[in-house]
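Novice: I have a structure here, written as structure tokens, and I will follow up with some questions on it.
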Amino acid sequence: NDAGWTDLFDVVVCMEDAAAKPDPAPVLRALQELDIERAWMVGDTPDDIQSARSAGVVPLGIPSPSEPSSHALSNAGAARVLATLPQLLELLP
């Protein structure tokens, strides 16, 4: 059950669709399906951040409630670590 989330996105890449992160394959597939070359990726694990960096997109970290430390995301190479998802709106034009 997607809980209505898929209606919010033009492309959804699930873990069954490509190699597992930190491999960049899921991010590269999304870029290809969207027909874009530049993007931001929001992630909550070091694997997300590494996957984004390897795919050449800007990695943004948001700590998950189960792992609230931002240090792991920073250490993995996040361009910026946000405290909450609504802070992402401040970065948008």
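Within each chain, counting starts at residue 1; across the structure tokens, chains are named A, B, ... in the order shown, with ligands numbered 1 upward in that order.
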Which polymer residues have any atom within 8 Å of an atom of region 40-48 of chain A, counting only C-alpha atoms, with same-chain residues fewer than 5 positions away left out, as a PyMOL selection string?
Specialist: chain A and resi 21-22+57-64+72-73+76
Novice: Using only C-alpha atoms, which residues sit within 10 Å of Val12 (chain A) once same-chain residues fewer than 3 positions away are excluded, as a PyMOL selection string?
Specialist: chain A and resi 5-9+15+17+26+29-30+33-34
Novice: Can you list, as a ChimeraX atom specification, every protein, DNA or RNA residue that comes within 9 Å of Pro24 (chain A) when you count only C-alpha atoms, leaving out same-chain residues fewer than 5 positions away?
Specialist: /A:19,29,48,50-56
Novice: Keeping only N, CA, C and O atoms, write the selected residues as a PDB file, in the first residue's frame.
Specialist:
```
ATOM      1  N   ALA A  19      19.865  -2.015  -8.026  1.00  0.00           N
ATOM      2  CA  ALA A  19      20.772  -2.466  -6.974  1.00  0.00           C
ATOM      3  C   ALA A  19      20.558  -1.638  -5.714  1.00  0.00           C
ATOM      4  O   ALA A  19      20.148  -0.481  -5.775  1.00  0.00           O
ATOM      5  N   ARG A  29      18.721   5.597 -12.074  1.00  0.00           N
ATOM      6  CA  ARG A  29      17.491   5.191 -12.769  1.00  0.00           C
ATOM      7  C   ARG A  29      16.430   6.281 -12.676  1.00  0.00           C
ATOM      8  O   ARG A  29      15.751   6.589 -13.658  1.00  0.00           O
ATOM      9  N   ASP A  48      22.034   6.390   1.785  1.00  0.00           N
ATOM     10  CA  ASP A  48      21.338   7.326   0.902  1.00  0.00           C
ATOM     11  C   ASP A  48      22.294   8.421   0.432  1.00  0.00           C
ATOM     12  O   ASP A  48      22.341   8.753  -0.757  1.00  0.00           O
ATOM     13  N   GLN A  50      25.616   8.417   0.373  1.00  0.00           N
ATOM     14  CA  GLN A  50      26.661   7.872  -0.497  1.00  0.00           C
ATOM     15  C   GLN A  50      26.118   7.568  -1.885  1.00  0.00           C
ATOM     16  O   GLN A  50      26.796   7.803  -2.889  1.00  0.00           O
ATOM     17  N   SER A  51      24.910   7.059  -1.969  1.00  0.00           N
ATOM     18  CA  SER A  51      24.286   6.765  -3.254  1.00  0.00           C
ATOM     19  C   SER A  51      24.112   8.042  -4.072  1.00  0.00           C
ATOM     20  O   SER A  51      24.428   8.079  -5.265  1.00  0.00           O
ATOM     21  N   ALA A  52      23.625   9.090  -3.426  1.00  0.00           N
ATOM     22  CA  ALA A  52      23.428  10.368  -4.114  1.00  0.00           C
ATOM     23  C   ALA A  52      24.758  10.922  -4.613  1.00  0.00           C
ATOM     24  O   ALA A  52      24.867  11.346  -5.765  1.00  0.00           O
ATOM     25  N   ARG A  53      25.769  10.917  -3.747  1.00  0.00           N
ATOM     26  CA  ARG A  53      27.081  11.449  -4.138  1.00  0.00           C
ATOM     27  C   ARG A  53      27.654  10.665  -5.321  1.00  0.00           C
ATOM     28  O   ARG A  53      28.176  11.245  -6.267  1.00  0.00           O
ATOM     29  N   SER A  54      27.535   9.348  -5.275  1.00  0.00           N
ATOM     30  CA  SER A  54      28.055   8.513  -6.360  1.00  0.00           C
ATOM     31  C   SER A  54      27.314   8.743  -7.670  1.00  0.00           C
ATOM     32  O   SER A  54      27.874   8.571  -8.747  1.00  0.00           O
ATOM     33  N   ALA A  55      26.048   9.137  -7.571  1.00  0.00           N
ATOM     34  CA  ALA A  55      25.247   9.405  -8.773  1.00  0.00           C
ATOM     35  C   ALA A  55      25.427  10.828  -9.277  1.00  0.00           C
ATOM     36  O   ALA A  55      24.908  11.188 -10.330  1.00  0.00           O
ATOM     37  N   GLY A  56      26.148  11.651  -8.514  1.00  0.00           N
ATOM     38  CA  GLY A  56      26.402  13.015  -8.947  1.00  0.00           C
ATOM     39  C   GLY A  56      25.298  13.994  -8.625  1.00  0.00           C
ATOM     40  O   GLY A  56      25.229  15.063  -9.237  1.00  0.00           O
TER      41      GLY A  56
END
```
Novice: Would you mind reading off the distance between CA of Ala25 (chain A) and CA of Glu90 (chain A), one decimal, in Å?
Specialist: 28.6 Å
Novice: So that I can check the secondary structure, give me every residue of region 30-91 of chain A assigned strand (DSSP E) by backbone DSSP, as a list in words.
Specialist: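 Residues of region 30-91 of chain A classed as strand (DSSP E): Trp40, Met41, Val42, Gly43, Val58, Pro59, Leu60, Gly61, Arg80 and Val81 of chain A.
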Novice: Any idea what the distance is between CA of Ala78 (chain A) and CA of Ala39 (chain A)?
Specialist: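 Taking CA of Ala78 (chain A) as the start and CA of Ala39 (chain A) as the end point, the length is 13.7 Å.
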Novice: Where does DSSP see helix (DSSP H, G or I) in region 12-82 of chain A, if you list the residues as a PDB file with N, CA, C and O atoms, in the first residue's frame?
Specialist:
```
ATOM      1  N   ALA A  25      22.786   3.093  -8.502  1.00  0.00           N
ATOM      2  CA  ALA A  25      21.829   2.646  -9.526  1.00  0.00           C
ATOM      3  C   ALA A  25      20.404   3.166  -9.324  1.00  0.00           C
ATOM      4  O   ALA A  25      19.780   3.600 -10.302  1.00  0.00           O
ATOM      5  N   PRO A  26      19.828   3.156  -8.111  1.00  0.00           N
ATOM      6  CA  PRO A  26      18.456   3.656  -7.992  1.00  0.00           C
ATOM      7  C   PRO A  26      18.346   5.150  -8.310  1.00  0.00           C
ATOM      8  O   PRO A  26      17.376   5.587  -8.926  1.00  0.00           O
ATOM      9  N   VAL A  27      19.342   5.911  -7.926  1.00  0.00           N
ATOM     10  CA  VAL A  27      19.319   7.346  -8.198  1.00  0.00           C
ATOM     11  C   VAL A  27      19.506   7.590  -9.693  1.00  0.00           C
ATOM     12  O   VAL A  27      18.788   8.396 -10.298  1.00  0.00           O
ATOM     13  N   LEU A  28      20.436   6.881 -10.301  1.00  0.00           N
ATOM     14  CA  LEU A  28      20.655   7.025 -11.736  1.00  0.00           C
ATOM     15  C   LEU A  28      19.418   6.631 -12.530  1.00  0.00           C
ATOM     16  O   LEU A  28      19.080   7.269 -13.536  1.00  0.00           O
ATOM     17  N   ARG A  29      18.721   5.597 -12.074  1.00  0.00           N
ATOM     18  CA  ARG A  29      17.491   5.191 -12.769  1.00  0.00           C
ATOM     19  C   ARG A  29      16.430   6.281 -12.676  1.00  0.00           C
ATOM     20  O   ARG A  29      15.751   6.589 -13.658  1.00  0.00           O
ATOM     21  N   ALA A  30      16.285   6.885 -11.504  1.00  0.00           N
ATOM     22  CA  ALA A  30      15.311   7.971 -11.356  1.00  0.00           C
ATOM     23  C   ALA A  30      15.668   9.149 -12.261  1.00  0.00           C
ATOM     24  O   ALA A  30      14.788   9.717 -12.917  1.00  0.00           O
ATOM     25  N   LEU A  31      16.948   9.500 -12.309  1.00  0.00           N
ATOM     26  CA  LEU A  31      17.370  10.590 -13.192  1.00  0.00           C
ATOM     27  C   LEU A  31      17.040  10.281 -14.642  1.00  0.00           C
ATOM     28  O   LEU A  31      16.554  11.144 -15.385  1.00  0.00           O
ATOM     29  N   GLN A  32      17.311   9.042 -15.040  1.00  0.00           N
ATOM     30  CA  GLN A  32      17.034   8.636 -16.417  1.00  0.00           C
ATOM     31  C   GLN A  32      15.533   8.696 -16.712  1.00  0.00           C
ATOM     32  O   GLN A  32      15.126   9.215 -17.744  1.00  0.00           O
ATOM     33  N   GLU A  33      14.720   8.170 -15.805  1.00  0.00           N
ATOM     34  CA  GLU A  33      13.269   8.167 -16.039  1.00  0.00           C
ATOM     35  C   GLU A  33      12.684   9.577 -16.030  1.00  0.00           C
ATOM     36  O   GLU A  33      11.692   9.835 -16.703  1.00  0.00           O
ATOM     37  N   LEU A  34      13.294  10.474 -15.260  1.00  0.00           N
ATOM     38  CA  LEU A  34      12.838  11.864 -15.233  1.00  0.00           C
ATOM     39  C   LEU A  34      13.433  12.686 -16.376  1.00  0.00           C
ATOM     40  O   LEU A  34      13.019  13.822 -16.604  1.00  0.00           O
ATOM     41  N   PRO A  46      23.254   7.034   5.932  1.00  0.00           N
ATOM     42  CA  PRO A  46      24.525   7.233   5.229  1.00  0.00           C
ATOM     43  C   PRO A  46      24.529   6.579   3.845  1.00  0.00           C
ATOM     44  O   PRO A  46      25.114   7.125   2.905  1.00  0.00           O
ATOM     45  N   ASP A  47      23.869   5.429   3.686  1.00  0.00           N
ATOM     46  CA  ASP A  47      23.794   4.786   2.368  1.00  0.00           C
ATOM     47  C   ASP A  47      23.084   5.679   1.357  1.00  0.00           C
ATOM     48  O   ASP A  47      23.463   5.734   0.187  1.00  0.00           O
ATOM     49  N   ASP A  48      22.034   6.390   1.785  1.00  0.00           N
ATOM     50  CA  ASP A  48      21.338   7.326   0.902  1.00  0.00           C
ATOM     51  C   ASP A  48      22.294   8.421   0.432  1.00  0.00           C
ATOM     52  O   ASP A  48      22.341   8.753  -0.757  1.00  0.00           O
ATOM     53  N   ILE A  49      23.040   8.968   1.383  1.00  0.00           N
ATOM     54  CA  ILE A  49      23.957  10.061   1.076  1.00  0.00           C
ATOM     55  C   ILE A  49      25.051   9.582   0.114  1.00  0.00           C
ATOM     56  O   ILE A  49      25.367  10.246  -0.881  1.00  0.00           O
ATOM     57  N   GLN A  50      25.616   8.417   0.373  1.00  0.00           N
ATOM     58  CA  GLN A  50      26.661   7.872  -0.497  1.00  0.00           C
ATOM     59  C   GLN A  50      26.118   7.568  -1.885  1.00  0.00           C
ATOM     60  O   GLN A  50      26.796   7.803  -2.889  1.00  0.00           O
ATOM     61  N   SER A  51      24.910   7.059  -1.969  1.00  0.00           N
ATOM     62  CA  SER A  51      24.286   6.765  -3.254  1.00  0.00           C
ATOM     63  C   SER A  51      24.112   8.042  -4.072  1.00  0.00           C
ATOM     64  O   SER A  51      24.428   8.079  -5.265  1.00  0.00           O
ATOM     65  N   ALA A  52      23.625   9.090  -3.426  1.00  0.00           N
ATOM     66  CA  ALA A  52      23.428  10.368  -4.114  1.00  0.00           C
ATOM     67  C   ALA A  52      24.758  10.922  -4.613  1.00  0.00           C
ATOM     68  O   ALA A  52      24.867  11.346  -5.765  1.00  0.00           O
ATOM     69  N   ARG A  53      25.769  10.917  -3.747  1.00  0.00           N
ATOM     70  CA  ARG A  53      27.081  11.449  -4.138  1.00  0.00           C
ATOM     71  C   ARG A  53      27.654  10.665  -5.321  1.00  0.00           C
ATOM     72  O   ARG A  53      28.176  11.245  -6.267  1.00  0.00           O
ATOM     73  N   SER A  54      27.535   9.348  -5.275  1.00  0.00           N
ATOM     74  CA  SER A  54      28.055   8.513  -6.360  1.00  0.00           C
ATOM     75  C   SER A  54      27.314   8.743  -7.670  1.00  0.00           C
ATOM     76  O   SER A  54      27.874   8.571  -8.747  1.00  0.00           O
ATOM     77  N   ALA A  55      26.048   9.137  -7.571  1.00  0.00           N
ATOM     78  CA  ALA A  55      25.247   9.405  -8.773  1.00  0.00           C
ATOM     79  C   ALA A  55      25.427  10.828  -9.277  1.00  0.00           C
ATOM     80  O   ALA A  55      24.908  11.188 -10.330  1.00  0.00           O
ATOM     81  N   HIS A  71      25.343  13.494  12.704  1.00  0.00           N
ATOM     82  CA  HIS A  71      26.770  13.291  12.457  1.00  0.00           C
ATOM     83  C   HIS A  71      27.031  12.234  11.394  1.00  0.00           C
ATOM     84  O   HIS A  71      27.911  12.417  10.547  1.00  0.00           O
ATOM     85  N   ALA A  72      26.300  11.135  11.430  1.00  0.00           N
ATOM     86  CA  ALA A  72      26.521  10.072  10.448  1.00  0.00           C
ATOM     87  C   ALA A  72      26.226  10.571   9.036  1.00  0.00           C
ATOM     88  O   ALA A  72      26.928  10.208   8.089  1.00  0.00           O
ATOM     89  N   LEU A  73      25.199  11.412   8.890  1.00  0.00           N
ATOM     90  CA  LEU A  73      24.856  11.943   7.568  1.00  0.00           C
ATOM     91  C   LEU A  73      25.919  12.934   7.102  1.00  0.00           C
ATOM     92  O   LEU A  73      26.323  12.920   5.940  1.00  0.00           O
ATOM     93  N   SER A  74      26.385  13.769   8.009  1.00  0.00           N
ATOM     94  CA  SER A  74      27.462  14.707   7.667  1.00  0.00           C
ATOM     95  C   SER A  74      28.724  13.959   7.290  1.00  0.00           C
ATOM     96  O   SER A  74      29.368  14.285   6.293  1.00  0.00           O
ATOM     97  N   ASN A  75      29.076  12.958   8.076  1.00  0.00           N
ATOM     98  CA  ASN A  75      30.286  12.188   7.810  1.00  0.00           C
ATOM     99  C   ASN A  75      30.203  11.424   6.496  1.00  0.00           C
ATOM    100  O   ASN A  75      31.228  11.159   5.866  1.00  0.00           O
ATOM    101  N   ALA A  76      28.997  11.059   6.069  1.00  0.00           N
ATOM    102  CA  ALA A  76      28.824  10.342   4.808  1.00  0.00           C
ATOM    103  C   ALA A  76      28.929  11.279   3.610  1.00  0.00           C
ATOM    104  O   ALA A  76      29.031  10.826   2.477  1.00  0.00           O
TER     105      ALA A  76
END
```
Novice: For the atom pair CA of Thr84 (chain A) and CA of Ser70 (chain A), what is the interatomic distance in Å to one decimal place?
Specialist: 11.1 Å
